[in-house]
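Coordinates from input.cif are shown below (mmCIF, C-alpha atoms).
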data_start
#
loop_
_atom_site.label_atom_id
_atom_site.label_comp_id
_atom_site.auth_asym_id
_atom_site.auth_seq_id
_atom_site.Cartn_x
_atom_site.Cartn_y
_atom_site.Cartn_z
CA MET A 8 59.70 110.89 112.20
CA GLY A 9 56.50 112.68 111.21
CA LEU A 10 54.52 110.68 113.76
CA LEU A 11 57.14 111.40 116.39
CA ARG A 12 56.97 115.10 115.61
CA LEU A 13 53.16 115.06 116.04
CA LYS A 14 53.41 113.42 119.48
CA MET A 15 56.34 115.64 120.67
CA PRO A 16 55.62 119.05 122.14
CA PRO A 17 56.90 122.01 120.06
CA LYS A 18 59.59 122.75 122.61
CA PHE A 19 61.09 119.29 122.31
CA GLN A 20 60.78 119.38 118.54
CA LEU A 21 62.90 122.53 118.50
CA LEU A 22 65.50 120.93 120.75
CA ALA A 23 65.57 117.84 118.55
CA LEU A 24 66.16 119.93 115.43
CA LEU A 25 68.89 121.87 117.19
CA ALA A 26 70.58 118.67 118.34
CA PHE A 27 70.35 117.26 114.82
CA ALA A 28 71.88 120.45 113.38
CA ILE A 29 74.70 120.36 115.91
CA ALA A 30 75.35 116.70 115.14
CA MET A 31 75.43 117.42 111.41
CA PHE A 32 77.78 120.41 111.94
CA PHE A 33 80.07 118.29 114.11
CA LEU A 34 80.02 115.50 111.53
CA GLU A 35 80.83 117.87 108.66
CA ASN A 36 83.60 119.44 110.72
CA GLN A 37 85.11 116.03 111.38
CA ILE A 38 84.81 115.13 107.73
CA GLN A 39 86.57 118.41 106.80
CA LYS A 40 89.34 117.69 109.29
CA LEU A 41 89.70 114.21 107.88
CA GLU A 42 89.92 115.68 104.36
CA GLU A 43 92.57 118.15 105.53
CA SER A 44 94.50 115.39 107.28
CA ARG A 45 94.29 113.26 104.15
CA GLY A 46 95.55 116.20 102.07
CA LYS A 47 98.47 116.76 104.45
CA LEU A 48 99.26 113.06 104.38
CA GLU A 49 99.15 113.00 100.59
CA ARG A 50 101.43 116.07 100.41
CA ALA A 51 103.82 114.52 102.93
CA ILE A 52 103.89 111.30 100.92
CA ALA A 53 104.46 113.31 97.74
CA ARG A 54 107.31 115.29 99.33
CA HIS A 55 108.83 112.06 100.59
CA GLU A 56 108.59 110.55 97.12
CA VAL A 57 110.17 113.69 95.61
CA ARG A 58 113.01 113.52 98.14
CA GLU A 59 113.51 109.86 97.31
CA ILE A 60 113.60 110.67 93.61
CA GLU A 61 116.01 113.55 94.20
CA GLN A 62 118.22 111.38 96.39
CA ARG A 63 118.16 108.66 93.78
CA HIS A 64 119.08 111.17 91.10
CA ILE A 65 121.92 112.48 93.28
CA GLN A 66 123.20 108.95 93.85
CA GLU A 67 122.82 108.10 90.18
CA GLY A 68 124.52 111.38 89.27
CA ALA A 69 127.40 110.56 91.60
CA LYS A 70 127.68 107.10 90.06
CA GLU A 71 127.56 108.61 86.58
CA ALA A 72 130.24 111.12 87.59
CA LEU A 73 132.45 108.28 88.81
CA VAL A 74 131.81 106.35 85.61
CA GLU A 75 132.57 109.52 83.64
CA GLU A 76 135.85 110.02 85.52
CA ASP A 77 136.78 106.39 85.04
CA ASP A 78 136.27 106.87 81.30
CA LEU A 79 138.76 109.74 81.08
CA VAL A 80 141.68 109.64 78.64
CA VAL A 81 144.51 112.19 78.68
CA ILE A 82 146.97 112.39 75.78
CA TYR A 83 150.30 114.12 76.22
CA ASN A 84 151.85 114.25 72.74
CA ARG A 85 155.16 115.36 74.16
CA VAL A 86 157.61 117.50 72.20
CA PRO A 87 161.22 116.28 72.54
CA LYS A 88 163.51 118.16 74.94
CA THR A 89 160.82 120.18 76.70
CA ALA A 90 161.17 118.49 80.13
CA SER A 91 158.68 115.89 78.93
CA THR A 92 160.42 112.99 80.71
CA SER A 93 160.49 114.90 83.98
CA PHE A 94 156.77 115.59 83.74
CA THR A 95 155.89 112.06 82.60
CA ASN A 96 157.70 110.62 85.62
CA ILE A 97 155.17 112.42 87.81
CA ALA A 98 152.35 110.61 86.01
CA TYR A 99 154.12 107.29 86.56
CA ASP A 100 154.66 108.03 90.24
CA LEU A 101 150.98 108.89 90.78
CA CYS A 102 149.25 106.24 88.64
CA ASN A 103 149.08 103.57 91.35
CA LYS A 104 147.96 105.98 94.06
CA ASN A 105 145.34 107.71 91.88
CA HIS A 106 144.24 104.51 90.13
CA TYR A 107 144.84 105.11 86.42
CA HIS A 108 147.01 103.58 83.70
CA VAL A 109 150.02 105.14 81.96
CA LEU A 110 150.84 104.00 78.43
CA HIS A 111 153.83 105.04 76.33
CA ILE A 112 153.17 105.46 72.59
CA ASN A 113 156.37 104.09 71.07
CA THR A 114 156.51 104.75 67.31
CA THR A 115 159.13 103.30 64.96
CA LYS A 116 162.17 105.58 64.84
CA ASN A 117 160.19 108.09 66.92
CA ASN A 118 158.26 109.09 63.80
CA PRO A 119 155.66 111.65 64.96
CA VAL A 120 153.39 110.99 61.95
CA MET A 121 151.29 107.81 61.93
CA SER A 122 150.09 106.03 58.83
CA LEU A 123 146.36 106.27 58.15
CA GLN A 124 145.79 102.69 59.26
CA ASP A 125 147.74 103.28 62.46
CA GLN A 126 145.69 106.40 63.13
CA VAL A 127 142.53 104.28 62.91
CA ARG A 128 144.02 101.62 65.18
CA PHE A 129 145.17 104.18 67.72
CA VAL A 130 141.80 105.96 67.83
CA LYS A 131 139.99 102.63 68.32
CA ASN A 132 142.42 101.53 71.04
CA VAL A 133 142.16 104.77 72.98
CA THR A 134 138.38 104.88 72.68
CA LEU A 135 137.43 101.22 73.22
CA TRP A 136 140.18 99.84 75.47
CA LYS A 137 138.06 100.04 78.61
CA GLU A 138 140.39 97.85 80.67
CA MET A 139 143.01 100.60 80.47
CA LYS A 140 140.71 103.47 81.45
CA PRO A 141 141.22 105.94 82.96
CA ALA A 142 144.39 106.33 80.93
CA PHE A 143 147.31 108.70 80.45
CA TYR A 144 148.94 108.24 77.03
CA HIS A 145 152.27 109.89 76.22
CA GLY A 146 154.63 109.81 73.28
CA HIS A 147 156.37 111.84 70.59
CA VAL A 148 153.33 111.92 68.29
CA SER A 149 151.85 114.92 66.51
CA PHE A 150 148.30 116.00 67.28
CA LEU A 151 145.56 113.71 65.99
CA ASP A 152 141.98 114.93 65.54
CA PHE A 153 139.71 112.16 66.86
CA THR A 154 136.56 113.70 65.41
CA LYS A 155 137.75 112.82 61.89
CA PHE A 156 137.18 109.18 62.81
CA GLY A 157 133.61 109.57 64.07
CA VAL A 158 134.47 109.64 67.75
CA LYS A 159 131.99 111.66 69.83
CA LYS A 160 133.97 111.83 73.07
CA LYS A 161 137.45 113.15 72.44
CA PRO A 162 140.44 112.65 74.75
CA ILE A 163 141.87 115.54 76.76
CA TYR A 164 145.06 116.88 75.18
CA ILE A 165 147.81 118.55 77.21
CA ASN A 166 151.36 119.56 76.30
CA VAL A 167 154.44 121.60 77.18
CA ILE A 168 156.65 123.64 74.85
CA ARG A 169 159.95 125.45 75.25
CA ASP A 170 161.85 128.44 73.95
CA PRO A 171 162.77 127.18 70.44
CA ILE A 172 166.50 127.95 70.57
CA GLU A 173 166.89 126.53 74.08
CA ARG A 174 165.09 123.40 72.95
CA LEU A 175 167.36 123.00 69.91
CA VAL A 176 170.54 123.53 71.97
CA SER A 177 169.38 120.92 74.49
CA TYR A 178 168.60 118.45 71.71
CA TYR A 179 171.96 119.12 70.00
CA TYR A 180 173.96 118.19 73.11
CA PHE A 181 171.58 115.36 74.01
CA LEU A 182 172.41 113.61 70.73
CA ARG A 183 176.13 113.82 71.57
CA PHE A 184 176.34 113.33 75.33
CA GLY A 185 173.00 111.90 76.40
CA ASP A 186 171.62 112.71 79.83
CA ASP A 187 171.57 111.47 83.41
CA TYR A 188 168.41 109.42 82.81
CA ARG A 189 170.14 106.61 80.92
CA PRO A 190 173.82 107.62 81.03
CA GLY A 191 175.09 104.32 79.61
CA LEU A 192 173.03 104.52 76.40
CA ARG A 193 175.04 105.39 73.29
CA ARG A 194 173.53 108.33 71.41
CA ARG A 195 173.42 108.86 67.67
CA LYS A 196 176.06 111.62 67.55
CA GLN A 197 178.22 110.32 70.39
CA GLY A 198 181.89 111.17 69.84
CA ASP A 199 181.19 114.43 68.04
CA LYS A 200 182.84 117.06 70.27
CA LYS A 201 181.84 120.09 68.19
CA THR A 202 180.05 122.70 70.27
CA PHE A 203 176.77 124.26 69.23
CA ASP A 204 178.54 127.57 68.57
CA GLU A 205 181.07 125.84 66.33
CA CYS A 206 178.23 124.13 64.48
CA VAL A 207 176.44 127.45 63.87
CA ALA A 208 179.66 129.12 62.72
CA ALA A 209 180.31 126.27 60.28
CA GLY A 210 176.72 126.23 59.01
CA GLY A 211 176.20 122.64 60.16
CA SER A 212 172.96 120.76 59.52
CA ASP A 213 172.35 119.77 63.17
CA CYS A 214 172.05 123.40 64.23
CA ALA A 215 170.44 124.80 61.07
CA PRO A 216 167.30 126.94 61.42
CA GLU A 217 165.30 124.12 59.78
CA LYS A 218 165.89 122.06 62.94
CA LEU A 219 163.83 124.60 64.87
CA TRP A 220 160.72 123.53 62.94
CA LEU A 221 159.23 121.01 65.38
CA GLN A 222 156.84 122.47 67.91
CA ILE A 223 154.57 123.98 65.25
CA PRO A 224 154.09 120.69 63.35
CA PHE A 225 153.57 118.76 66.60
CA PHE A 226 150.56 120.97 67.31
CA CYS A 227 149.50 121.32 63.69
CA GLY A 228 149.01 117.57 63.28
CA HIS A 229 148.95 114.97 60.54
CA TYR A 230 148.33 117.27 57.58
CA SER A 231 151.07 117.37 54.95
CA GLU A 232 151.31 121.16 55.13
CA CYS A 233 152.18 120.93 58.84
CA TRP A 234 155.57 119.51 57.97
CA ASN A 235 156.42 121.98 55.20
CA ILE A 236 159.12 124.01 56.91
CA GLY A 237 158.15 127.66 57.24
CA SER A 238 154.47 127.19 56.38
CA LYS A 239 152.32 130.06 57.65
CA TRP A 240 149.26 127.84 57.32
CA ALA A 241 150.89 125.35 59.69
CA LEU A 242 151.56 128.12 62.22
CA GLU A 243 147.93 129.26 62.17
CA GLN A 244 146.65 125.68 62.39
CA ALA A 245 148.94 125.03 65.36
CA LYS A 246 147.54 128.11 67.11
CA TYR A 247 143.99 127.03 66.34
CA ASN A 248 144.56 123.54 67.74
CA LEU A 249 146.26 124.88 70.85
CA VAL A 250 143.29 127.10 71.69
CA ASN A 251 140.50 124.74 70.65
CA GLU A 252 141.81 121.20 71.18
CA TYR A 253 144.13 121.41 74.20
CA MET A 254 142.88 121.79 77.74
CA LEU A 255 146.20 123.24 78.90
CA VAL A 256 149.62 123.86 77.37
CA GLY A 257 152.45 124.92 79.63
CA VAL A 258 156.01 126.06 79.09
CA THR A 259 159.16 124.36 80.33
CA GLU A 260 160.34 127.51 82.04
CA GLU A 261 157.23 127.54 84.27
CA LEU A 262 156.66 123.82 84.67
CA GLU A 263 155.69 123.92 88.35
CA ASP A 264 152.81 126.29 87.62
CA PHE A 265 151.67 123.94 84.84
CA VAL A 266 151.69 120.99 87.26
CA MET A 267 149.77 122.97 89.90
CA MET A 268 147.06 123.97 87.44
CA LEU A 269 146.69 120.42 86.17
CA GLU A 270 146.26 119.15 89.72
CA ALA A 271 143.45 121.65 90.25
CA ALA A 272 141.73 120.87 86.93
CA LEU A 273 142.28 117.09 86.77
CA PRO A 274 142.65 115.76 90.34
CA ARG A 275 141.59 112.30 89.10
CA PHE A 276 145.07 112.06 87.57
CA PHE A 277 147.22 114.71 89.23
CA LYS A 278 146.20 114.80 92.89
CA GLY A 279 149.48 115.20 94.78
CA ALA A 280 151.46 116.22 91.68
CA THR A 281 152.55 119.65 92.93
CA GLU A 282 154.05 118.34 96.14
CA LEU A 283 155.70 115.50 94.23
CA PHE A 284 157.19 117.96 91.75
CA ARG A 285 158.61 120.10 94.54
CA THR A 286 160.01 117.30 96.66
CA GLY A 287 160.31 114.22 94.46
CA LYS A 288 163.62 113.11 93.00
CA LYS A 289 162.26 112.01 89.65
CA SER A 290 160.60 115.30 88.75
CA HIS A 291 163.99 116.90 88.11
CA LEU A 292 165.71 113.74 86.97
CA ARG A 293 166.57 114.23 83.33
CA LYS A 294 169.29 116.75 82.48
CA THR A 295 171.34 116.91 79.30
CA SER A 296 175.03 116.36 79.96
CA GLU A 297 177.85 118.62 78.75
CA LYS A 298 175.46 121.33 77.60
CA LYS A 299 177.06 124.72 76.90
CA PRO A 300 174.89 127.80 76.51
CA PRO A 301 175.19 129.41 73.05
CA THR A 302 176.81 132.79 72.55
CA LYS A 303 174.86 135.90 71.69
CA GLU A 304 176.33 135.72 68.18
CA SER A 305 174.96 132.21 67.61
CA ILE A 306 171.56 133.20 68.95
CA ALA A 307 171.46 136.34 66.79
CA ARG A 308 172.33 134.30 63.71
CA LEU A 309 169.47 131.86 64.28
CA GLN A 310 167.08 134.70 65.03
CA GLN A 311 167.62 136.11 61.57
CA SER A 312 165.78 133.19 60.00
CA ASP A 313 162.05 133.28 59.20
CA ILE A 314 161.74 129.80 60.69
CA TRP A 315 162.88 131.01 64.10
CA LYS A 316 160.50 133.98 63.86
CA MET A 317 157.56 131.63 63.26
CA GLU A 318 158.51 129.13 65.95
CA ASN A 319 159.14 131.99 68.37
CA GLU A 320 155.78 133.53 67.48
CA PHE A 321 154.12 130.24 68.34
CA TYR A 322 156.08 130.04 71.61
CA GLU A 323 155.13 133.61 72.57
CA PHE A 324 151.51 132.87 71.66
CA THR A 325 151.56 129.79 73.90
CA LEU A 326 153.24 131.62 76.74
CA GLU A 327 150.69 134.44 76.61
CA GLN A 328 147.80 131.97 76.62
CA PHE A 329 149.31 130.02 79.53
CA GLN A 330 149.90 133.15 81.58
CA TYR A 331 146.36 134.31 80.88
CA VAL A 332 144.91 131.03 82.15
CA ARG A 333 147.24 131.09 85.15
CA ALA A 334 146.27 134.66 86.05
CA HIS A 335 142.65 133.50 86.41
CA ALA A 336 143.57 130.39 88.40
CA VAL A 337 146.29 131.25 90.94
CA ARG A 338 147.53 134.10 93.12
CA GLU A 339 150.91 134.78 94.70
CA LYS A 340 151.34 135.49 98.40
CA ASP A 341 154.63 135.75 100.26
CA GLY A 342 156.44 134.29 97.28
CA GLU A 343 154.17 131.23 97.13
CA LEU A 344 151.48 130.44 94.59
CA TYR A 345 148.08 129.25 95.73
CA LEU A 346 144.98 128.21 93.79
CA LEU A 347 141.88 130.36 93.80
CA ALA A 348 138.76 128.90 95.38
CA GLN A 349 135.57 128.43 93.39
CA ASN A 350 134.21 131.89 92.62
CA PHE A 351 130.88 131.10 90.99
CA PHE A 352 127.57 129.86 92.39
CA TYR A 353 123.97 129.33 91.27
CA GLU A 354 120.97 131.49 92.16
CA LYS A 355 117.45 132.39 90.95
CA ILE A 356 116.66 128.75 90.31
CA TYR A 357 113.18 128.27 88.81
CA PRO A 358 110.60 126.81 88.99
CA LYS A 359 110.58 126.93 92.77
CA THR A 360 110.05 123.66 94.61
CA THR A 361 107.24 123.52 97.20
#
Can you dump the structure from the file as structure tokens?
Amino acid sequence: MGLLRLKMPPKFQLLALLAFAIAMFFLENQIQKLEESRGKLERAIARHEVREIEQRHIQEGAKEALVEEDDLVVIYNRVPKTASTSFTNIAYDLCNKNHYHVLHINTTKNNPVMSLQDQVRFVKNVTLWKEMKPAFYHGHVSFLDFTKFGVKKKPIYINVIRDPIERLVSYYYFLRFGDDYRPGLRRRKQGDKKTFDECVAAGGSDCAPEKLWLQIPFFCGHYSECWNIGSKWALEQAKYNLVNEYMLVGVTEELEDFVMMLEAALPRFFKGATELFRTGKKSHLRKTSEKKPPTKESIARLQQSDIWKMENEFYEFTLEQFQYVRAHAVREKDGELYLLAQNFFYEKIYPKTT
């Protein structure tokens, strides 16, 4: 190069240097463009990989959600004579369509309290019996706290209660005349023609205030104090369980609203329940025969007892809670109830994705 520079005139040397500089500038520019292209390609690949990861997470999340739904267990520890058969028939009608199992908990002599060993067996069955999940269990059994047995995932509890005197009157006549569900079945007090009013006037045991003590212990549970008639501790424990352990507790007098809210909250089980309740034959199937409403005198006599006052306090507490939940879930328009749409969303999500 030095020799070439000596032989070349100065003018050509200048041109050669200029050409070399231009070539180097062009080369560096191309290299820079290549680097930028490589950077864009790497970012595009990275974004594609992120999208793939996000899509995979979405798919996995959807699968996990399905698995989670398929692992659901609902327990309806139904209180006698609260329209429990009418409601349970809805679950039976929907189980095939919505793909879940319904299991009746049939205890000896309808005893609502299980032995300790049966409690352990029941908790294990409900938790580990995967072939039966998702499952809807129902039966006249008092509340059972699954956490006492080391279970991390608890079942969903639901229930329905009724005005305590109306429930007792219905049960009184049911024992004597049965209902239209199984009209041929002979009931325990069949043949006894005494009316509820006559029973109250005579101070009979079947209509005594002590017979009102049922809804509180069903919610209180398997503690001995729950079944001590008139226990204030049992009343407070029943309230605590209702608020903290039950997803929803309705009242017989507003059963359709209860069904509607369950369909909105648990469509895996109750999709189609509201329409079925309104139009289906089974939803209104069971009615006590020969039932005569009590007189004001009989009602006033029962209302004098402390037991009625406690059971009624629990009923009023339940009714207030149910109406509170309903007020935040449904609205009425032209005499019809409709569910509120989702009224929350997410914003200000950080860190920002590029």
- Message: When the PyMOL selection byres ((chain A and resi 233) around 10) is applied to the structure above, which residues does it catch, written out as an MDAnalysis selection string?
- Response: chainID A and resid 149 220:221 223:232 234:245
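Across the structure, CA of Val109 (chain A) and CA of His145 (chain A) are spaced 7.8 Å apart.
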- Enumerate, as number ranges by chain, the residues matched when the PyMOL selection byres ((chain A and resi 342-350) around 12) is run on the file above. A: 263-272, 281, 332-341, 351-353
- Pick out the residues sitting within 8 Å of Asn166 (chain A), and hand them over as a PyMOL selection string; count only C-alpha atoms, and ignore anything fewer than 6 positions along from it in its own chain. chain A and resi 83-86+253+255-257
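Those DNA, RNA and protein residues that approach the point (135.2, 110.6, 71.1) to within 12 Å, considering all atoms listed in the file, are Asp78, Leu79, Val80, Val130, Lys131, Asn132, Val133, Thr134, Leu135, Leu151, Asp152, Phe153, Thr154, Lys155, Phe156, Gly157, Val158, Lys159, Lys160, Lys161, Pro162 and Ile163 of chain A.
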Could the residues in this selection be saved with C-alpha atoms as a PDB file, in the coordinates of the input?
ATOM      1  CA  ASP A  78     136.270 106.870  81.300  1.00  0.00           C
ATOM      2  CA  LEU A  79     138.760 109.740  81.080  1.00  0.00           C
ATOM      3  CA  VAL A  80     141.680 109.640  78.640  1.00  0.00           C
ATOM      4  CA  VAL A 130     141.800 105.960  67.830  1.00  0.00           C
ATOM      5  CA  LYS A 131     139.990 102.630  68.320  1.00  0.00           C
ATOM      6  CA  ASN A 132     142.420 101.530  71.040  1.00  0.00           C
ATOM      7  CA  VAL A 133     142.160 104.770  72.980  1.00  0.00           C
ATOM      8  CA  THR A 134     138.380 104.880  72.680  1.00  0.00           C
ATOM      9  CA  LEU A 135     137.430 101.220  73.220  1.00  0.00           C
ATOM     10  CA  LEU A 151     145.560 113.710  65.990  1.00  0.00           C
ATOM     11  CA  ASP A 152     141.980 114.930  65.540  1.00  0.00           C
ATOM     12  CA  PHE A 153     139.710 112.160  66.860  1.00  0.00           C
ATOM     13  CA  THR A 154     136.560 113.700  65.410  1.00  0.00           C
ATOM     14  CA  LYS A 155     137.750 112.820  61.890  1.00  0.00           C
ATOM     15  CA  PHE A 156     137.180 109.180  62.810  1.00  0.00           C
ATOM     16  CA  GLY A 157     133.610 109.570  64.070  1.00  0.00           C
ATOM     17  CA  VAL A 158     134.470 109.640  67.750  1.00  0.00           C
ATOM     18  CA  LYS A 159     131.990 111.660  69.830  1.00  0.00           C
ATOM     19  CA  LYS A 160     133.970 111.830  73.070  1.00  0.00           C
ATOM     20  CA  LYS A 161     137.450 113.150  72.440  1.00  0.00           C
ATOM     21  CA  PRO A 162     140.440 112.650  74.750  1.00  0.00           C
ATOM     22  CA  ILE A 163     141.870 115.540  76.760  1.00  0.00           C
TER      23      ILE A 163
END
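Within 6 Å of the file-frame point (146.8, 111.9, 76.2), and using all atoms listed in the file, the polymer residues found are Val81, Ile82, Tyr83, Phe143, Tyr144, His145 and Tyr164 of chain A.
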Using the atoms already present, construct all heavy atoms for region 91-100 of chain A and hand them back as a PDB file, in the frame of the given file.
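Result written to rebuild-v3.pdb:
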ATOM      1  N   SER A  91     159.800 116.833  79.018  1.00  0.00           N
ATOM      2  CA  SER A  91     158.680 115.890  78.930  1.00  0.00           C
ATOM      3  C   SER A  91     158.905 114.647  79.781  1.00  0.00           C
ATOM      4  O   SER A  91     157.955 114.117  80.373  1.00  0.00           O
ATOM      5  CB  SER A  91     158.442 115.492  77.473  1.00  0.00           C
ATOM      6  OG  SER A  91     159.568 114.840  76.922  1.00  0.00           O
ATOM      7  N   THR A  92     160.156 114.167  79.877  1.00  0.00           N
ATOM      8  CA  THR A  92     160.420 112.990  80.710  1.00  0.00           C
ATOM      9  C   THR A  92     160.220 113.309  82.180  1.00  0.00           C
ATOM     10  O   THR A  92     159.658 112.514  82.935  1.00  0.00           O
ATOM     11  CB  THR A  92     161.847 112.478  80.465  1.00  0.00           C
ATOM     12  OG1 THR A  92     161.990 112.105  79.094  1.00  0.00           O
ATOM     13  CG2 THR A  92     162.154 111.267  81.331  1.00  0.00           C
ATOM     14  N   SER A  93     160.662 114.493  82.586  1.00  0.00           N
ATOM     15  CA  SER A  93     160.490 114.900  83.980  1.00  0.00           C
ATOM     16  C   SER A  93     159.009 114.947  84.345  1.00  0.00           C
ATOM     17  O   SER A  93     158.597 114.473  85.408  1.00  0.00           O
ATOM     18  CB  SER A  93     161.126 116.274  84.209  1.00  0.00           C
ATOM     19  OG  SER A  93     162.511 116.229  83.963  1.00  0.00           O
ATOM     20  N   PHE A  94     158.196 115.502  83.453  1.00  0.00           N
ATOM     21  CA  PHE A  94     156.770 115.590  83.740  1.00  0.00           C
ATOM     22  C   PHE A  94     156.110 114.213  83.692  1.00  0.00           C
ATOM     23  O   PHE A  94     155.270 113.881  84.535  1.00  0.00           O
ATOM     24  CB  PHE A  94     156.090 116.525  82.735  1.00  0.00           C
ATOM     25  CG  PHE A  94     154.597 116.564  82.875  1.00  0.00           C
ATOM     26  CD1 PHE A  94     154.009 117.097  84.007  1.00  0.00           C
ATOM     27  CD2 PHE A  94     153.776 116.028  81.886  1.00  0.00           C
ATOM     28  CE1 PHE A  94     152.624 117.127  84.153  1.00  0.00           C
ATOM     29  CE2 PHE A  94     152.403 116.052  82.030  1.00  0.00           C
ATOM     30  CZ  PHE A  94     151.825 116.606  83.162  1.00  0.00           C
ATOM     31  N   THR A  95     156.489 113.392  82.716  1.00  0.00           N
ATOM     32  CA  THR A  95     155.890 112.060  82.600  1.00  0.00           C
ATOM     33  C   THR A  95     156.186 111.201  83.815  1.00  0.00           C
ATOM     34  O   THR A  95     155.354 110.380  84.233  1.00  0.00           O
ATOM     35  CB  THR A  95     156.386 111.361  81.319  1.00  0.00           C
ATOM     36  OG1 THR A  95     156.108 112.187  80.193  1.00  0.00           O
ATOM     37  CG2 THR A  95     155.717 110.016  81.131  1.00  0.00           C
ATOM     38  N   ASN A  96     157.374 111.381  84.413  1.00  0.00           N
ATOM     39  CA  ASN A  96     157.700 110.620  85.620  1.00  0.00           C
ATOM     40  C   ASN A  96     156.728 110.902  86.754  1.00  0.00           C
ATOM     41  O   ASN A  96     156.455 110.028  87.587  1.00  0.00           O
ATOM     42  CB  ASN A  96     159.133 110.946  86.067  1.00  0.00           C
ATOM     43  CG  ASN A  96     160.163 110.163  85.274  1.00  0.00           C
ATOM     44  OD1 ASN A  96     159.895 109.067  84.811  1.00  0.00           O
ATOM     45  ND2 ASN A  96     161.339 110.739  85.110  1.00  0.00           N
ATOM     46  N   ILE A  97     156.180 112.106  86.793  1.00  0.00           N
ATOM     47  CA  ILE A  97     155.170 112.420  87.810  1.00  0.00           C
ATOM     48  C   ILE A  97     153.931 111.570  87.595  1.00  0.00           C
ATOM     49  O   ILE A  97     153.350 111.039  88.542  1.00  0.00           O
ATOM     50  CB  ILE A  97     154.827 113.929  87.760  1.00  0.00           C
ATOM     51  CG1 ILE A  97     156.036 114.769  88.166  1.00  0.00           C
ATOM     52  CG2 ILE A  97     153.635 114.238  88.658  1.00  0.00           C
ATOM     53  CD1 ILE A  97     155.819 116.257  88.036  1.00  0.00           C
ATOM     54  N   ALA A  98     153.520 111.443  86.322  1.00  0.00           N
ATOM     55  CA  ALA A  98     152.350 110.610  86.010  1.00  0.00           C
ATOM     56  C   ALA A  98     152.588 109.161  86.405  1.00  0.00           C
ATOM     57  O   ALA A  98     151.690 108.495  86.955  1.00  0.00           O
ATOM     58  CB  ALA A  98     152.029 110.710  84.518  1.00  0.00           C
ATOM     59  N   TYR A  99     153.799 108.655  86.165  1.00  0.00           N
ATOM     60  CA  TYR A  99     154.120 107.290  86.560  1.00  0.00           C
ATOM     61  C   TYR A  99     154.106 107.123  88.085  1.00  0.00           C
ATOM     62  O   TYR A  99     153.650 106.111  88.606  1.00  0.00           O
ATOM     63  CB  TYR A  99     155.476 106.870  86.003  1.00  0.00           C
ATOM     64  CG  TYR A  99     155.427 106.374  84.583  1.00  0.00           C
ATOM     65  CD1 TYR A  99     155.970 107.111  83.538  1.00  0.00           C
ATOM     66  CD2 TYR A  99     154.836 105.147  84.275  1.00  0.00           C
ATOM     67  CE1 TYR A  99     155.925 106.658  82.233  1.00  0.00           C
ATOM     68  CE2 TYR A  99     154.784 104.668  82.968  1.00  0.00           C
ATOM     69  CZ  TYR A  99     155.336 105.437  81.948  1.00  0.00           C
ATOM     70  OH  TYR A  99     155.283 104.982  80.657  1.00  0.00           O
ATOM     71  N   ASP A 100     154.625 108.119  88.785  1.00  0.00           N
ATOM     72  CA  ASP A 100     154.660 108.030  90.240  1.00  0.00           C
ATOM     73  C   ASP A 100     153.276 108.061  90.864  1.00  0.00           C
ATOM     74  O   ASP A 100     153.064 107.520  91.948  1.00  0.00           O
ATOM     75  CB  ASP A 100     155.488 109.198  90.802  1.00  0.00           C
ATOM     76  CG  ASP A 100     156.982 109.015  90.569  1.00  0.00           C
ATOM     77  OD1 ASP A 100     157.390 107.898  90.203  1.00  0.00           O
ATOM     78  OD2 ASP A 100     157.741 109.994  90.739  1.00  0.00           O
TER      79      ASP A 100
END
